[in-house]
Amino acid sequence: MKFSRLFRLPCAILLAALPLAPFANARHEKSLPEETYFALQFRDLADYKAKDAKHPFSVDFRAAGYADYFAPGIALLKEEIQKGLAKCSKNADFERYLSILQNDFNGEILFALVKTPKPVEGHEPFDFVFFADTDLAETALNEILKDLGVYTKRSEKVSSTAYLAEKGASAIDDDAEIGAVADADGKVSRTTEIVKTPFQGVTLHEVTISYPDNKFSFVPVGWAFVGKTFVFATAPNVLRELIDAMQNGRKNSFADSIPWRRASKAAGNADFLFVSTPQLASAALRKVVATAGPNMYLPEPLKAYDALALDVIDGLWCSSTLTETAAVSKLSLSYKEKRGLLSLFTSKPLEQPVPEYIPAGLPHFSVTAFDMSESWRNLEKLLADAVPHLKPFLDQGLEKMKKEEGLDIRSDLLENFGEKIVVISGGASIRPKVKGVNSPLRNPMLLVLEIRDVNKLQSLIDTSLSKAGPEGKKAILDERVFMGVNISSAKQGKDAKLSYAIHDGKLFLAIDGEKILDEVIAEIKEPRSPIAKEAFVRQALKLVPKEKSSFEVIDLGKSIDATFSTFEFLVKEFLLKRIGKEGAPLTDPTKKPAPSVLPWASVSYGELRDNEIYAETHLYKKEEK
């Protein structure tokens with residue numbers, strides 16, 4: 001991998017993440033070239049911060065005391081960042097930098113990946129660009145960069161292989177050049193410095209990497225201030241092109257493209273907007289096709305490209321808007337025709353969005369009208385087109401199981417599912433008590449699948465269990481009867497505990513969720529308090545259209561506890577151990593807010609439109625009654 005790619009990607013991502021919020025009079029998309037792979041825009045940061053400060057959700061979230069609850073983790077994070085910055089310079093001050101980011105970035109922000117028609121040496125034919133409206137003066141930014149040692153000229157010895165990688169792939173196989181650039185110990189001299197260059201009335205700051213002995217240099221990243229806009233790009237020619245477009249305009253800009261115009265019109269005055277063009281997927285696939293070699297276990301690149309049919313995707317966009325009383329997110333995937341990968345999306349109109357058997361008090365459920373049998377058939381076709389030599393093995397394997405084991409997987413299972421999937425989650429995370437195993441926290445869940453022929457499925461299960469040895473199912477399952485329904489649970493090991501029941505034409509599959517399964521069965525047998533009667537669910541139904549293919553409701557106050565518990569576990573397992581802070585507290589348990597102090601919920605729905613998969617989410621405050 002070239003050094004320029006290693007250097008500019010993290011830099012671009014870091015710069016894009018600086019403000020973490022939205023701009024008025026959006027205009028920077030007009031400076032982007034028409035061939036832009038994706039653009040991520042925050043419309044007006046100052047406007048967003050003003051709305052957020054008085055938004056009912058923000059007010060309730062602050063009043064709930066979550067800041068106090070997470071105070072130990074936030075303090076630890078700041079401490080670790082400060083330590084990292086201190087390695088760059090003793091003058092580094094994270095608190096000051098954070099204050100600058102919070103206060104001095106106050107307008108439009110745009111991050112994009114653009115196509116570079118004429119890439120310079122050491123660069124790929126695409127580059128990251130970044131615009132940010134700011135009150136931060138150019139001199140102030142330079143002082144921060146000096147604090148961090150960015151302007152310090154550095155000289156070092158690196159391997160000749162690194163030099164060749166930076167110069168370009170064309171030189172890698174040139175043995176003569178390798179001999180020419182390397183000294184006796186295989187090292188070459190490299191110098192890194194910031195070079196200031198005047199251009200059209202502004203000052204360019206370009207990271208310049210040079211090999212003095214070999215008369216080769218290149219610029220992986222550069223930036224400049226154009227008025228009160230900070231501009232960053234990962235190639236010198238791209239930076240100059242952007243500055244020229246900002247000052248003199250650009251014909252055929254990304255703002256004129258169909259994907260951008262369509263998305264910005266549908267998103268309206270959104271605070272956040274992400275737009276991806278069809279070229280992004282096709283460019284990525286072309287790259288894979290060009291570099292992939294033959295492999296008997298993987299699909300032939302060209303066949304996979306044709307089978308996935310990603311070229312039918314016409315565009316992807318998503319947006320988020322903070323209204324006076326709620327927050328609304330939208331997502332859209334448009335396509336020319338539904339084939340290839342898109343053929344797996346076999347959604348149907350959803351007739352009953354809230355099943356009667358879901359009991360009140362649970363924090364989350366989702367219902368999707370989805371033909372799993374059709375999706376499986378389409379998947380088989382896709383695999384046959386992408387990996388033709390594997391299809392006969394699949395067919396032979398399934399046929400062998402049918403003849404020799406009596407297991408007709410395709411007919412009795414894969415093509416036996418109905419057209420509705422229900423997922424119910426149980427709130428507070430649990431940690432299975434397994435001796436000697438540090439099991440991760442899990443969110444109890446129940447999956448409900450409609451079955452076309454219950455007898456076929458039961459026969460398949462019985463036949464499979466009969467092959468488990470002399471004791472049969474007793475060696476594998478614990479069985480019990482609850483309100484007349486047989487419930488089977490896998491004998492618990494270190495993995496998630498699985499339980500299932502077949503009843504009322506449905507397969508109930510619980511993952512660490514036996515309690516939810518019992519509650520659902522009880523509601524089926526003796527209906528008492530279905531969740532459909534809860535006020536916040538009735539609110540949700542009013543916020544979504546009748547013609548939908550999926551419906552999901554989350555009680556945030558109850559669900560947020562499970563989310564935070566899982567996040568805390570992941571941070572401890574995968575981060576704190578690596579920085580030597582394994583026992584450090586991330587939260588203050590004595591200040592943990594009760595679920596009732598955050599009376600908010602969200603509702604999401606999916607909708608089938610002409611050549612479009614559309615989804616929308618609303619965050620809303622729960623009614624008291």
# chains A, B, ... in the order shown; residues from 1 in each chain; ligands from 1
>>> residues_around(residues="Pro599 of chain A", least_positions_apart="6", cutoff="7 Å", atoms="only C-alpha atoms", output="list in words")
Gly557, Lys621 and Lys622 of chain A
>>> atom_distance(atom1="atom CA of Pro585 of chain A", atom2="atom CA of Ala75 of chain A")
10.2 Å
>>> residues_around(residues="segment 260-265 of chain A", least_positions_apart="4", cutoff="7 Å", atoms="only C-alpha atoms", output="PyMOL selection string")
chain A and resi 254-256+275+317
>>> write_last_selection(atoms="N, CA, C and O atoms", output="mmCIF file, in the first residue's frame")
data_model
loop_
_atom_site.group_PDB
_atom_site.id
_atom_site.type_symbol
_atom_site.label_atom_id
_atom_site.label_comp_id
_atom_site.auth_asym_id
_atom_site.auth_seq_id
_atom_site.Cartn_x
_atom_site.Cartn_y
_atom_site.Cartn_z
ATOM 1 N N PHE A 254 -21.034 18.843 -8.957
ATOM 2 C CA PHE A 254 -21.804 17.781 -8.333
ATOM 3 C C PHE A 254 -23.203 18.266 -7.962
ATOM 4 O O PHE A 254 -24.155 17.479 -7.929
ATOM 5 N N ALA A 255 -23.347 19.570 -7.688
ATOM 6 C CA ALA A 255 -24.655 20.132 -7.352
ATOM 7 C C ALA A 255 -25.642 19.983 -8.500
ATOM 8 O O ALA A 255 -26.862 20.002 -8.290
ATOM 9 N N ASP A 256 -25.128 19.835 -9.728
ATOM 10 C CA ASP A 256 -25.996 19.691 -10.909
ATOM 11 C C ASP A 256 -26.312 18.232 -11.233
ATOM 12 O O ASP A 256 -27.120 17.956 -12.125
ATOM 13 N N VAL A 275 -24.947 11.541 0.285
ATOM 14 C CA VAL A 275 -25.350 11.119 -1.056
ATOM 15 C C VAL A 275 -24.241 10.291 -1.668
ATOM 16 O O VAL A 275 -23.081 10.718 -1.721
ATOM 17 N N TRP A 317 -29.049 7.680 -0.654
ATOM 18 C CA TRP A 317 -28.902 8.867 0.178
ATOM 19 C C TRP A 317 -29.590 8.663 1.525
ATOM 20 O O TRP A 317 -30.504 7.843 1.655
#
>>> atom_distance(atom1="atom CA of Leu85 of chain A", atom2="atom CA of Leu98 of chain A")
12.4 Å
>>> residues_around(residues="Ile313 of chain A", least_positions_apart="2", cutoff="12 Å", atoms="only C-alpha atoms", output="count of residues only")
30
>>> select_by_dssp(residues="segment 472-557 of chain A", states="strand (DSSP E)", output="MDAnalysis selection string")
chainID A and resid 477:482 485:490 498:503 506:511 550:555
>>> write_last_selection(atoms="C-alpha atoms", output="PDB file, in the first residue's frame")
ATOM      1  CA  LEU A 477     -32.336 -30.549  24.763  1.00  0.00           C
ATOM      2  CA  ASP A 478     -34.070 -29.758  28.010  1.00  0.00           C
ATOM      3  CA  GLU A 479     -37.855 -29.916  27.555  1.00  0.00           C
ATOM      4  CA  ARG A 480     -40.757 -28.456  29.453  1.00  0.00           C
ATOM      5  CA  VAL A 481     -44.419 -27.626  28.906  1.00  0.00           C
ATOM      6  CA  PHE A 482     -45.731 -24.106  29.482  1.00  0.00           C
ATOM      7  CA  VAL A 485     -46.949 -25.519  24.635  1.00  0.00           C
ATOM      8  CA  ASN A 486     -43.826 -27.668  24.353  1.00  0.00           C
ATOM      9  CA  ILE A 487     -40.651 -25.614  24.810  1.00  0.00           C
ATOM     10  CA  SER A 488     -37.235 -27.093  24.031  1.00  0.00           C
ATOM     11  CA  SER A 489     -33.957 -25.484  25.117  1.00  0.00           C
ATOM     12  CA  ALA A 490     -30.432 -26.400  24.129  1.00  0.00           C
ATOM     13  CA  LEU A 498     -31.318 -21.237  22.381  1.00  0.00           C
ATOM     14  CA  SER A 499     -34.929 -22.215  22.981  1.00  0.00           C
ATOM     15  CA  TYR A 500     -37.714 -22.916  20.539  1.00  0.00           C
ATOM     16  CA  ALA A 501     -41.386 -23.744  20.329  1.00  0.00           C
ATOM     17  CA  ILE A 502     -43.713 -24.494  17.423  1.00  0.00           C
ATOM     18  CA  HIS A 503     -47.222 -23.224  18.004  1.00  0.00           C
ATOM     19  CA  LYS A 506     -45.218 -20.191  13.957  1.00  0.00           C
ATOM     20  CA  LEU A 507     -41.674 -21.027  14.990  1.00  0.00           C
ATOM     21  CA  PHE A 508     -40.630 -19.162  18.139  1.00  0.00           C
ATOM     22  CA  LEU A 509     -36.838 -19.036  18.441  1.00  0.00           C
ATOM     23  CA  ALA A 510     -35.479 -17.451  21.632  1.00  0.00           C
ATOM     24  CA  ILE A 511     -31.865 -16.391  22.074  1.00  0.00           C
ATOM     25  CA  SER A 550     -41.704  -3.018   7.920  1.00  0.00           C
ATOM     26  CA  PHE A 551     -42.518  -1.441  11.276  1.00  0.00           C
ATOM     27  CA  GLU A 552     -40.267  -1.049  14.331  1.00  0.00           C
ATOM     28  CA  VAL A 553     -40.840   0.645  17.686  1.00  0.00           C
ATOM     29  CA  ILE A 554     -38.250   1.236  20.430  1.00  0.00           C
ATOM     30  CA  ASP A 555     -38.875   2.562  23.936  1.00  0.00           C
TER      31      ASP A 555
END
>>> select_by_dssp(residues="segment 336-522 of chain A", states="alpha helix (DSSP H)", output="PDB file with C-alpha atoms, in the first residue's frame")
ATOM      1  CA  MET A 372     -37.900 -15.723   2.990  1.00  0.00           C
ATOM      2  CA  SER A 373     -38.625 -18.621   0.633  1.00  0.00           C
ATOM      3  CA  GLU A 374     -38.488 -16.398  -2.437  1.00  0.00           C
ATOM      4  CA  SER A 375     -35.373 -14.712  -1.103  1.00  0.00           C
ATOM      5  CA  TRP A 376     -33.702 -18.113  -0.716  1.00  0.00           C
ATOM      6  CA  ARG A 377     -34.561 -19.085  -4.293  1.00  0.00           C
ATOM      7  CA  ASN A 378     -33.127 -15.788  -5.534  1.00  0.00           C
ATOM      8  CA  LEU A 379     -29.994 -16.362  -3.453  1.00  0.00           C
ATOM      9  CA  GLU A 380     -29.513 -19.764  -5.063  1.00  0.00           C
ATOM     10  CA  LYS A 381     -29.786 -18.162  -8.482  1.00  0.00           C
ATOM     11  CA  LEU A 382     -27.347 -15.425  -7.544  1.00  0.00           C
ATOM     12  CA  LEU A 383     -24.805 -17.994  -6.285  1.00  0.00           C
ATOM     13  CA  ALA A 384     -25.277 -20.086  -9.420  1.00  0.00           C
ATOM     14  CA  ASP A 385     -24.520 -17.048 -11.582  1.00  0.00           C
ATOM     15  CA  ALA A 386     -21.607 -15.838  -9.439  1.00  0.00           C
ATOM     16  CA  LYS A 391     -23.996 -24.798  -7.443  1.00  0.00           C
ATOM     17  CA  PRO A 392     -23.719 -28.539  -8.316  1.00  0.00           C
ATOM     18  CA  PHE A 393     -21.990 -29.186  -4.972  1.00  0.00           C
ATOM     19  CA  LEU A 394     -24.826 -27.439  -3.133  1.00  0.00           C
ATOM     20  CA  ASP A 395     -27.484 -29.424  -5.004  1.00  0.00           C
ATOM     21  CA  GLN A 396     -25.636 -32.702  -4.531  1.00  0.00           C
ATOM     22  CA  GLY A 397     -25.153 -32.044  -0.826  1.00  0.00           C
ATOM     23  CA  LEU A 398     -28.831 -31.277  -0.224  1.00  0.00           C
ATOM     24  CA  GLU A 399     -29.907 -34.278  -2.310  1.00  0.00           C
ATOM     25  CA  LYS A 400     -27.533 -36.588  -0.421  1.00  0.00           C
ATOM     26  CA  ILE A 409     -33.583 -29.070   4.030  1.00  0.00           C
ATOM     27  CA  VAL A 454     -45.723 -27.020  10.550  1.00  0.00           C
ATOM     28  CA  ASN A 455     -45.732 -30.810  10.153  1.00  0.00           C
ATOM     29  CA  LYS A 456     -42.837 -30.683   7.677  1.00  0.00           C
ATOM     30  CA  LEU A 457     -40.743 -28.573  10.038  1.00  0.00           C
ATOM     31  CA  GLN A 458     -41.524 -30.745  13.070  1.00  0.00           C
ATOM     32  CA  SER A 459     -40.647 -33.882  11.109  1.00  0.00           C
ATOM     33  CA  LEU A 460     -37.334 -32.343  10.037  1.00  0.00           C
ATOM     34  CA  ILE A 461     -36.458 -31.466  13.635  1.00  0.00           C
ATOM     35  CA  ASP A 462     -37.449 -34.904  14.958  1.00  0.00           C
ATOM     36  CA  THR A 463     -35.430 -36.666  12.263  1.00  0.00           C
ATOM     37  CA  SER A 464     -32.383 -34.518  12.993  1.00  0.00           C
ATOM     38  CA  LEU A 465     -32.598 -35.131  16.755  1.00  0.00           C
ATOM     39  CA  GLU A 514     -36.913 -17.818  27.497  1.00  0.00           C
ATOM     40  CA  LYS A 515     -38.653 -15.255  29.683  1.00  0.00           C
ATOM     41  CA  ILE A 516     -39.877 -13.340  26.621  1.00  0.00           C
ATOM     42  CA  LEU A 517     -41.014 -16.603  25.042  1.00  0.00           C
ATOM     43  CA  ASP A 518     -43.098 -17.426  28.132  1.00  0.00           C
ATOM     44  CA  GLU A 519     -44.608 -13.931  28.150  1.00  0.00           C
ATOM     45  CA  VAL A 520     -45.568 -14.189  24.469  1.00  0.00           C
ATOM     46  CA  ILE A 521     -47.123 -17.639  24.883  1.00  0.00           C
ATOM     47  CA  ALA A 522     -49.060 -16.377  27.899  1.00  0.00           C
TER      48      ALA A 522
END
>>> atom_distance(atom1="atom CA of Ile421 of chain A", atom2="atom CA of Met401 of chain A")
27.3 Å
>>> residues_around(residues="Gly505 of chain A", least_positions_apart="6", cutoff="9 Å", atoms="only C-alpha atoms", output="PyMOL selection string")
chain A and resi 449-454
>>> write_last_selection(atoms="N, CA, C and O atoms", output="compact mmCIF listing (two decimals), in the first residue's frame")
# COMPACT_ATOMS: atom_id res chain seq x y z
N LEU A 449 -41.17 -16.66 13.36
CA LEU A 449 -41.24 -16.89 11.91
C LEU A 449 -42.50 -17.66 11.57
O LEU A 449 -42.82 -18.68 12.21
N GLU A 450 -43.21 -17.19 10.57
CA GLU A 450 -44.38 -17.93 10.11
C GLU A 450 -43.93 -19.16 9.33
O GLU A 450 -42.94 -19.11 8.58
N ILE A 451 -44.66 -20.28 9.50
CA ILE A 451 -44.31 -21.53 8.83
C ILE A 451 -45.48 -21.96 7.95
O ILE A 451 -46.64 -21.96 8.40
N ARG A 452 -45.17 -22.33 6.72
CA ARG A 452 -46.23 -22.75 5.80
C ARG A 452 -46.77 -24.14 6.16
O ARG A 452 -47.97 -24.38 6.13
N ASP A 453 -45.89 -25.06 6.49
CA ASP A 453 -46.30 -26.42 6.83
C ASP A 453 -45.59 -26.83 8.12
O ASP A 453 -44.43 -27.23 8.11
N VAL A 454 -46.31 -26.73 9.24
CA VAL A 454 -45.72 -27.02 10.55
C VAL A 454 -45.29 -28.48 10.66
O VAL A 454 -44.25 -28.79 11.25
>>> residues_around(residues="Glu419 of chain A", least_positions_apart="5", cutoff="6 Å", atoms="only C-alpha atoms", output="JSON, numbers by chain")
{"A": [369, 370, 371]}
>>> write_last_selection(atoms="N, CA, C and O atoms", output="PDB file, in the first residue's frame")
ATOM      1  N   ALA A 369     -42.727  -7.728   6.623  1.00  0.00           N
ATOM      2  CA  ALA A 369     -43.334  -8.628   5.650  1.00  0.00           C
ATOM      3  C   ALA A 369     -42.259  -8.950   4.616  1.00  0.00           C
ATOM      4  O   ALA A 369     -41.874  -8.088   3.818  1.00  0.00           O
ATOM      5  N   PHE A 370     -41.785 -10.175   4.668  1.00  0.00           N
ATOM      6  CA  PHE A 370     -40.602 -10.536   3.884  1.00  0.00           C
ATOM      7  C   PHE A 370     -40.717 -12.005   3.494  1.00  0.00           C
ATOM      8  O   PHE A 370     -40.848 -12.871   4.358  1.00  0.00           O
ATOM      9  N   ASP A 371     -40.699 -12.291   2.208  1.00  0.00           N
ATOM     10  CA  ASP A 371     -40.839 -13.667   1.730  1.00  0.00           C
ATOM     11  C   ASP A 371     -39.481 -14.354   1.755  1.00  0.00           C
ATOM     12  O   ASP A 371     -38.685 -14.234   0.822  1.00  0.00           O
TER      13      ASP A 371
END
>>> residues_around(residues="Gly249 of chain A", least_positions_apart="4", cutoff="9 Å", atoms="only C-alpha atoms", output="list in words")
Lys30, Ser31, Asp244, Ala245 and Ser253 of chain A
>>> write_last_selection(atoms="N, CA, C and O atoms", output="CSV table (one decimal), in the first residue's frame")
chain,number,residue,atom,x,y,z
A,30,LYS,N,-21.3,22.8,-4.8
A,30,LYS,CA,-21.1,23.5,-6.2
A,30,LYS,C,-19.7,23.5,-6.6
A,30,LYS,O,-19.4,23.7,-7.8
A,31,SER,N,-18.8,23.3,-5.7
A,31,SER,CA,-17.3,23.3,-6.0
A,31,SER,C,-16.8,21.9,-6.3
A,31,SER,O,-15.7,21.8,-6.8
A,244,ASP,N,-10.0,27.1,-7.2
A,244,ASP,CA,-10.4,27.8,-8.4
A,244,ASP,C,-11.9,27.7,-8.5
A,244,ASP,O,-12.5,28.7,-8.9
A,245,ALA,N,-12.5,26.6,-8.3
A,245,ALA,CA,-14.0,26.5,-8.4
A,245,ALA,C,-14.7,27.3,-7.3
A,245,ALA,O,-15.7,27.9,-7.6
A,253,SER,N,-21.0,20.9,-12.0
A,253,SER,CA,-20.6,20.5,-10.7
A,253,SER,C,-21.4,19.4,-10.1
A,253,SER,O,-22.4,19.0,-10.7
>>> closest_residue(among="A:Phe42, A:Ala50, A:Ile194, A:Lys90", to="Thr152 of chain A", atoms="only C-alpha atoms")
A:Ile194
